[in-house]
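Novice: Below you will find the structure I want to go over with you.
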Amino acid sequence: MNNNELETIIGLEVHVELSTESKAFCRCSTKFGAPPNTQVCPVCLGLPGGLPVLNKKALEYAILAGLALNCQIAPSSRFDRKNYFYPDMPNAYQISQADHPVARNGYIDVNVNGHTRRIRINRVHLEEDAGKMIHSGDDIVAASSSLVDLNRAGVPLIEIVSEPDIRSPEEARQYLTQLKTILEYIGVSDCKMEEGSLRCDANLSIRPRGSTELGVKTEIKNMNSFRAVFRGLSFEEKRQRRALLSGQRIRQETRHWDEAQGLTVGMRTKEEVDDYRYFPEPNLPPVVIDSGWIKKIKASLPELPSAKIRRFIDDYDLPGYDAEVLTSSRPLADFFDECVQLFPDPKAVSNWIMSEVLRLLNVEGKEIQATPLKPKHVAKLLQLMQTGTISGRIAKDVFEETFHHGRDPEQIVNERGLVQISDAAELDSLVTQVVAENPNAVEDYRQGKDKALAFLVGQVMKVTRGKANPQLVNKLLKEKL
Amino acid sequence: MKLWDLSGHRLRNLLDQGELSAQELVEAFLTRQQNTEPALHAFVTTTGPQALAAAKEIDNARARGEKPGALAGIPMALKDNICTAGIKTTCSSKMLANYVPPYDATVVKSLRQAGSILTGKTNMDEFAMGSSTENSAFYPTRNPWDTSRVPGGSSGGSAAAVAAGQAVFALGSDTGGSIRQPAAFCSIVGFKPSYGRVSRFGLVAFASSLDQIGCFTKDVTDCAAVLNVICGRDEFDPTSVSAPVPDYSKFIGREIKGLRIGLPREFLQEGIQPAVREAILQAAQTFENLGAVVEETSLPKMKYAPAVYYVIAPAEASSNLGRFDGVRYGFRVPTSDLDSLYKKTRSQGFGPEVRRRIMIGTYVLTADNYKNLYQRAQQVRTLIIEEFEQAFSRYDLLLTPTSPAVPFKLGEKMDDPLQMYLMDVCTIPANLAGLPAISIPAGFSAGLPVGMQLMAKPWAEGTLLQAAYSFEQATDYHQRRPAIASGGVVGE
């Protein structure tokens with residue numbers, strides 16, 4: 001058997017922190033970055049006598065996510081306790097959902113290399129997060145002491161479990177990207193992997209292409225960025241394929257992604273399987289969700305990325321690539337939509353956003369909503385260009401100023417006297433002057449070197465500090481020569 | 001006049017008429033507490049100074065013309081598994097021997113608002129696991145009727161305190177009979193409300209689907225007054241219900257003519273002491289004399305109740321007690337690594353009965369046993385609930401013994417957990433079905449108290465009080481006081 005006859009099977013378990021104001025089962029704040037152990041109460045500290053009370057908003061967000069991921073919402077679901085000891089888990093159990101999750105049987109469509117792949121979602125369930133630990137050594141075993149911060153304990157999470165439908169690390173990355181976009185669109189999470197509000201574990205196995213049985217899988221943890229997921233899975237895929245091709249067996253185990261060394265390491269394997277002794281949480285009555293509420297939540301769903309892409313292609317006549325880029329975040333898509341309202345030339349708006357806006361956002365490492373830039377600024381700038389008031393070159397300079405300070409482009413143009421010179425009489429004397437001063441270039445042009453013309457145009461632009469209308473200059477020069 | 005012999009409603013009258021100040025009343029009870037405590041060990045913590053300060057505050061408020069709360073100035077004791085802000089709450093365990101909660105349980109808030117004054121926290125079987133209060137990590141509590149005998153459990157301290165006049169009333173918790181059985185052993189009134197009727201927020205959990213806070217009082221009238229304060233919906237307890245709470249005192253004095261009472265024969269068969277059976281049959285006769293219709297009936301599924309209970313309760317306990325891990329509060333054995341921190345802390349911090357139940361509970365929840373033990377127990381629990389529903393379509397109340405036996409000697413059953421577990425055989429079913437149930441004095445056998453239990457359908461607390469009061473009026477058991485109550489020094 002060779003490598004091409006093997007098929008990679010990946011399933012992802014994604015944990016997403018919900019951006020509710022308060023925790024899943026108490027009223028403590030969920031705000032990130034507060035001093036340790038300041039957002040706690042008897043319930044989330046696991047003090048004797050505390051009882052969990054379900055945060056309705058967390059449930060609503062879980063339902064919203066389920067709907068956005070094309071799931072069926074269970075009319076009745078239940079919370080269970082997952083029992084295990086760890087210092088970041090104050091009750092020694094996590095309230096989660098085992099057999100009766102909020103949502104089941106969904107899917108998302110993922111675009112990979114121009115093909116649409118449907119990745120099925122097994123389930124979406126609601127649970128609570130654990131606290132955070134800081135060790136004085138590498139981990140809790142090596143550390144001489146460890147500190148526990150329970151601010152995060154009890155923050156609501158949803159776990160989104162895919163079916164093993166993913167066939168490559170690249171597909172996994174695309175699935176994650178799409179998932180993150182959807183969750184951001186519906187506003188249930190800020191999905192910041194670096195702050196831990198989106199976490200991803202993966203199961204990976206290899207089987208002969210065409211087989212219907214799954215191979216022995218490993219679980220890969222500690223992949224803390226999209227890049228890490230791609231790299232970690234790529235490494236693991238190669239490792240397993242190589243092992244299988246050389247006749248070795250894969251051991252079922254949990255492996256840790258080591259970002260620095262770029263490899264996965266098997267974690268100490270226990271002889272026995274973890275037994276979390278799940279049983280129904282006796283303090284929480286079954287969650288009964290009436291269809292009216294589901295309808296109401298469904299009605300509140302915003303236009304999702306896939307629908308937006310279709311609309312951008314159909315209504316705005318944009319290329320698929322543009323549509324995909326512009327819808328990659330909801331604020332960006334909204335920004336584009338508003339620009340088109342003000343300047344109804346979608347392709348021109350798209351070009352400007354795809355080039356200039358995204359370039360500057362990239363340089364600044366910011367999202368569109370974090371800048372002072374407003375749709376009206378882009379529209380005004382495009383109008384100034386369209387009417388020939390400024391050249392494209394000037395527009396770029398003006399735009400930088402607008403982008404950074406949120407200033408009106410027209411005002412900047414007027415202040416700096418950047419209005420394009422389109423007066424033929426005014427340009428004519430400048431053109432004459434440049435021709436006179438550059439006899440060599442003139443000679444080159446006349447001998448058929450087209451580049452020389454560009455040089456001469458550039459000289460005119462230099463003299464006018466970019467304000468000359470380049471088309472007009474071109475025309476005048478050609479006449480002169 | 002011995003103030004400690006009086007019921008709460010009589011003391012309340014004296015307070016209202018100005019014949020007694022709250023400070024005098026509290027002082028009298030504190031003195032009584034001091035005098036009897038060496039013989040009884042009903043308390044883990046006493047709160048004399050705070051109680052006197054609170055009493056003064058009550059008197060001042062009254063002097064200012066403020067309307068006193070329903071229990072203003074009345075001394076109370078709380079089982080030591082009910083959290084009290086700033087006052088140790090130990091669960092009679094080494095694990096929490098020095099634990100001071102930062103908050104009051106909801107019932108404590110309600111009682112404080114009603115003006116009741118805390119005189120101390122009472123002893124119990126460790127984490128409410130037991131039927132004799134011998135499982136306290138500190139010391140056993142003794143029965144005021146015979147100090148060589150146990151007061152019952154797990155709320156034995158609360159029962160002994162009320163019976164001996166150390167407090168006018170006390171709160172306990174009842175998971176399988178932990179209020180009713182000690183009430184029977186100490187010849188007082190013990191009430192377990194319907195599951196969900198009283199907030200459990202701030203009650204240290206034993207088995208969350210069975211636990212319910214309730215009260216000990218000298219008579220049924222006091223019981224209604226305390227229930228009026230502690231019952232009701234609490235937004236901090238998701239299992240508490242919002243059904244309106246009636247004024248329970250309205251049920252006091254209503255006649256019971258035509259009330260249908262079932263007498264299930266399974267509760268009078270083997271294992272029930274003859275004297276107990278006799279007292280219950282006598283009580284049935286009394287009810288008939290009062291105009292009730294008493295009928296023998298059969299509840300054949302009740303025999304499964306102890307087996308079901310001893311799967312579900314330990315399962316929930318094994319999870320609920322996981323938080324006592326030595327990491328954040330409570331007892332800790334310092335070690336150099338996490339695993340041994342857990343193991344040593346929990347092995348040394350919990351007593352043998354608690355460890356036994358954690359092990360049983362852990363066992364029944366393992367993946368291999370979950371279906372056959374835990375889930376099957378839940379299925380049988382459903383059958384028991386259905387059998388009760390059928391019974392309550394025919395009867396308003398069910399009459400049974402509270403305990404199959406009169407109080408036993410200290411140490412008598414400590415070596416035989418199964419014998420001890422059978423002490424709850426009559427009380428467990430009400431917990432499994434979430435029913436309200438009351439235990440009231442029903443006689444004596446060779447000077448030792450016998451209690452009878454009445455059960456009703458959920459939310460029918462009022463019917464229980466109505467019938468219990470009628471019975472109380474027709475008998476004088478509730479007026480008898482243990483010898484210890486006659487004052488003076490009590491020997492061992």
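To be explicit about the labels: the chains of the structure tokens are called A, B, and onward in the order shown, and within each one the residues are counted from 1, while ligands get numbers from 1 in the order they are shown.
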When you look at segment 367-373 of chain A with a cut-off of 7 Å (counting only C-alpha atoms), what residues show up, excluding the ones that are within fewer than 4 positions of it in the same chain? I need them as a PyMOL selection string.
Specialist: chain A and resi 331-332+361+377+402-406
Novice: What would the file look like if the residues just selected were written as a short mmCIF file (atom, residue, chain, number, x, y, z; two decimals), in the first residue's frame with all heavy atoms?
Specialist:
```cif
data_model
loop_
_atom_site.label_atom_id
_atom_site.label_comp_id
_atom_site.auth_asym_id
_atom_site.auth_seq_id
_atom_site.Cartn_x
_atom_site.Cartn_y
_atom_site.Cartn_z
N PRO A 331 -18.49 42.65 10.53
CA PRO A 331 -18.29 44.10 10.46
C PRO A 331 -17.76 44.54 9.08
O PRO A 331 -18.17 45.58 8.57
CB PRO A 331 -17.24 44.36 11.56
CG PRO A 331 -17.40 43.23 12.51
CD PRO A 331 -17.79 42.05 11.68
N LEU A 332 -16.88 43.72 8.49
CA LEU A 332 -16.35 44.07 7.18
C LEU A 332 -17.46 44.03 6.12
O LEU A 332 -17.59 44.93 5.29
CB LEU A 332 -15.21 43.12 6.80
CG LEU A 332 -14.46 43.47 5.50
CD1 LEU A 332 -13.72 44.80 5.65
CD2 LEU A 332 -13.49 42.36 5.11
N LEU A 361 -5.40 47.63 7.24
CA LEU A 361 -5.83 46.84 8.41
C LEU A 361 -4.77 45.80 8.75
O LEU A 361 -4.45 45.57 9.92
CB LEU A 361 -7.16 46.13 8.11
CG LEU A 361 -8.42 47.00 8.11
CD1 LEU A 361 -9.63 46.17 7.71
CD2 LEU A 361 -8.65 47.63 9.49
N HIS A 377 -16.53 57.78 4.42
CA HIS A 377 -15.20 58.22 3.99
C HIS A 377 -14.80 57.56 2.68
O HIS A 377 -14.31 58.21 1.77
CB HIS A 377 -14.15 57.88 5.07
CG HIS A 377 -14.39 58.58 6.36
ND1 HIS A 377 -14.13 57.99 7.58
CD2 HIS A 377 -14.84 59.82 6.64
CE1 HIS A 377 -14.43 58.83 8.55
NE2 HIS A 377 -14.87 59.95 8.00
N THR A 402 -7.14 59.55 6.29
CA THR A 402 -8.53 59.26 6.70
C THR A 402 -8.58 57.99 7.55
O THR A 402 -9.23 57.95 8.59
CB THR A 402 -9.41 59.06 5.46
OG1 THR A 402 -9.34 60.25 4.68
CG2 THR A 402 -10.86 58.79 5.85
N PHE A 403 -7.87 57.01 7.11
CA PHE A 403 -7.86 55.72 7.80
C PHE A 403 -7.38 55.87 9.24
O PHE A 403 -7.97 55.33 10.17
CB PHE A 403 -6.95 54.75 7.04
CG PHE A 403 -6.87 53.38 7.67
CD1 PHE A 403 -7.79 52.38 7.36
CD2 PHE A 403 -5.87 53.08 8.59
CE1 PHE A 403 -7.71 51.13 7.94
CE2 PHE A 403 -5.78 51.82 9.18
CZ PHE A 403 -6.70 50.85 8.85
N HIS A 404 -6.32 56.64 9.40
CA HIS A 404 -5.75 56.73 10.75
C HIS A 404 -6.50 57.68 11.66
O HIS A 404 -6.55 57.48 12.86
CB HIS A 404 -4.27 57.16 10.66
CG HIS A 404 -3.40 56.10 10.10
ND1 HIS A 404 -3.20 54.90 10.72
CD2 HIS A 404 -2.68 56.04 8.94
CE1 HIS A 404 -2.39 54.15 9.99
NE2 HIS A 404 -2.06 54.81 8.89
N HIS A 405 -7.06 58.73 11.07
CA HIS A 405 -7.65 59.76 11.93
C HIS A 405 -9.13 59.97 11.71
O HIS A 405 -9.73 60.82 12.36
CB HIS A 405 -6.89 61.08 11.75
CG HIS A 405 -5.42 60.94 11.98
ND1 HIS A 405 -4.89 60.68 13.23
CD2 HIS A 405 -4.37 60.94 11.12
CE1 HIS A 405 -3.58 60.57 13.12
NE2 HIS A 405 -3.23 60.72 11.86
N GLY A 406 -9.71 59.23 10.78
CA GLY A 406 -11.14 59.34 10.56
C GLY A 406 -11.55 60.70 10.00
O GLY A 406 -12.66 61.16 10.26
#
```
Novice: For the helix (DSSP H, G or I) assignment from backbone DSSP, which residues of segment 272-461 of chain A qualify? Please present them as a ChimeraX atom specification.
Specialist: /A:291-299,305-316,320-326,330-342,346-364,368-370,375-386,392-405,409-416,424-437,439-446,451-461
Novice: Using only C-alpha atoms, which residues sit within 12 Å of segment 113-115 of chain A once same-chain residues fewer than 5 positions away are excluded, as a PDB file with all heavy atoms, in the first residue's frame?
Specialist:
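Done, and the output landed in around-v1.pdb:
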```pdb
ATOM      1  N   SER A 168      -8.499  16.527   5.502  1.00  0.00           N
ATOM      2  CA  SER A 168      -7.121  17.030   5.453  1.00  0.00           C
ATOM      3  C   SER A 168      -6.953  18.155   6.464  1.00  0.00           C
ATOM      4  O   SER A 168      -7.937  18.771   6.875  1.00  0.00           O
ATOM      5  CB  SER A 168      -6.795  17.558   4.055  1.00  0.00           C
ATOM      6  OG  SER A 168      -7.539  18.747   3.825  1.00  0.00           O
ATOM      7  N   GLU A 170      -5.877  21.007   5.844  1.00  0.00           N
ATOM      8  CA  GLU A 170      -6.365  22.245   5.226  1.00  0.00           C
ATOM      9  C   GLU A 170      -7.885  22.352   5.384  1.00  0.00           C
ATOM     10  O   GLU A 170      -8.411  23.419   5.680  1.00  0.00           O
ATOM     11  CB  GLU A 170      -5.957  22.278   3.741  1.00  0.00           C
ATOM     12  CG  GLU A 170      -6.449  23.496   2.973  1.00  0.00           C
ATOM     13  CD  GLU A 170      -6.026  24.838   3.572  1.00  0.00           C
ATOM     14  OE1 GLU A 170      -5.040  24.882   4.337  1.00  0.00           O
ATOM     15  OE2 GLU A 170      -6.705  25.849   3.305  1.00  0.00           O
ATOM     16  N   GLU A 171      -8.561  21.226   5.201  1.00  0.00           N
ATOM     17  CA  GLU A 171     -10.015  21.232   5.415  1.00  0.00           C
ATOM     18  C   GLU A 171     -10.351  21.593   6.852  1.00  0.00           C
ATOM     19  O   GLU A 171     -11.310  22.296   7.121  1.00  0.00           O
ATOM     20  CB  GLU A 171     -10.612  19.860   5.093  1.00  0.00           C
ATOM     21  CG  GLU A 171     -11.139  19.752   3.686  1.00  0.00           C
ATOM     22  CD  GLU A 171     -11.798  18.405   3.418  1.00  0.00           C
ATOM     23  OE1 GLU A 171     -12.598  17.934   4.255  1.00  0.00           O
ATOM     24  OE2 GLU A 171     -11.486  17.839   2.378  1.00  0.00           O
ATOM     25  N   GLN A 174     -10.060  25.267   7.207  1.00  0.00           N
ATOM     26  CA  GLN A 174     -11.180  25.958   6.580  1.00  0.00           C
ATOM     27  C   GLN A 174     -12.463  25.802   7.413  1.00  0.00           C
ATOM     28  O   GLN A 174     -13.250  26.737   7.545  1.00  0.00           O
ATOM     29  CB  GLN A 174     -11.422  25.429   5.161  1.00  0.00           C
ATOM     30  CG  GLN A 174     -10.323  25.787   4.170  1.00  0.00           C
ATOM     31  CD  GLN A 174     -10.090  27.278   4.076  1.00  0.00           C
ATOM     32  OE1 GLN A 174     -11.005  28.075   4.225  1.00  0.00           O
ATOM     33  NE2 GLN A 174      -8.839  27.678   3.865  1.00  0.00           N
ATOM     34  N   GLY A 320     -16.508  35.620  -7.020  1.00  0.00           N
ATOM     35  CA  GLY A 320     -16.618  34.792  -5.817  1.00  0.00           C
ATOM     36  C   GLY A 320     -15.532  35.089  -4.812  1.00  0.00           C
ATOM     37  O   GLY A 320     -15.785  35.138  -3.604  1.00  0.00           O
ATOM     38  N   TYR A 321     -14.327  35.321  -5.309  1.00  0.00           N
ATOM     39  CA  TYR A 321     -13.218  35.573  -4.391  1.00  0.00           C
ATOM     40  C   TYR A 321     -13.475  36.838  -3.570  1.00  0.00           C
ATOM     41  O   TYR A 321     -13.334  36.841  -2.353  1.00  0.00           O
ATOM     42  CB  TYR A 321     -11.908  35.696  -5.174  1.00  0.00           C
ATOM     43  CG  TYR A 321     -10.733  36.024  -4.287  1.00  0.00           C
ATOM     44  CD1 TYR A 321     -10.205  35.058  -3.431  1.00  0.00           C
ATOM     45  CD2 TYR A 321     -10.183  37.306  -4.275  1.00  0.00           C
ATOM     46  CE1 TYR A 321      -9.143  35.357  -2.591  1.00  0.00           C
ATOM     47  CE2 TYR A 321      -9.121  37.613  -3.433  1.00  0.00           C
ATOM     48  CZ  TYR A 321      -8.607  36.644  -2.608  1.00  0.00           C
ATOM     49  OH  TYR A 321      -7.569  36.945  -1.771  1.00  0.00           O
ATOM     50  N   GLU A 324     -16.094  36.301  -0.941  1.00  0.00           N
ATOM     51  CA  GLU A 324     -15.619  35.532   0.208  1.00  0.00           C
ATOM     52  C   GLU A 324     -14.783  36.378   1.161  1.00  0.00           C
ATOM     53  O   GLU A 324     -14.950  36.334   2.371  1.00  0.00           O
ATOM     54  CB  GLU A 324     -14.784  34.349  -0.271  1.00  0.00           C
ATOM     55  CG  GLU A 324     -15.463  33.023   0.023  1.00  0.00           C
ATOM     56  CD  GLU A 324     -14.647  31.864  -0.508  1.00  0.00           C
ATOM     57  OE1 GLU A 324     -13.568  31.604   0.042  1.00  0.00           O
ATOM     58  OE2 GLU A 324     -15.112  31.231  -1.482  1.00  0.00           O
TER      59      GLU A 324
END
```
Novice: Do me a favour and pick out the residues of chain B within 6 Å of chain A, using only C-alpha atoms, as a count of residues only.
Specialist: 11
Novice: Write out as a VMD selection string each polymer residue whose atoms come within 12 Å of segment 381-387 of chain A, counting only C-alpha atoms; drop sequence neighbours fewer than 6 positions from it.
Specialist: chain A and resid 339 to 340 342 to 353 356 373 to 375 393 to 403 407 to 414 418 to 420 422 469
Novice: Residues within 12 Å of Lys409 of chain B, please, as a count of residues only. Count only C-alpha atoms; anything in the same chain fewer than 5 positions from it doesn't count.
Specialist: 18
Novice: Can you list every residue in segment 70-227 of chain A that DSSP puts in strand (DSSP E), as a ChimeraX atom specification?
Specialist: /A:72-73,76-77,80-83,93-96,103-112,115-128,132-135,146-149,156-162,198-208,218-223
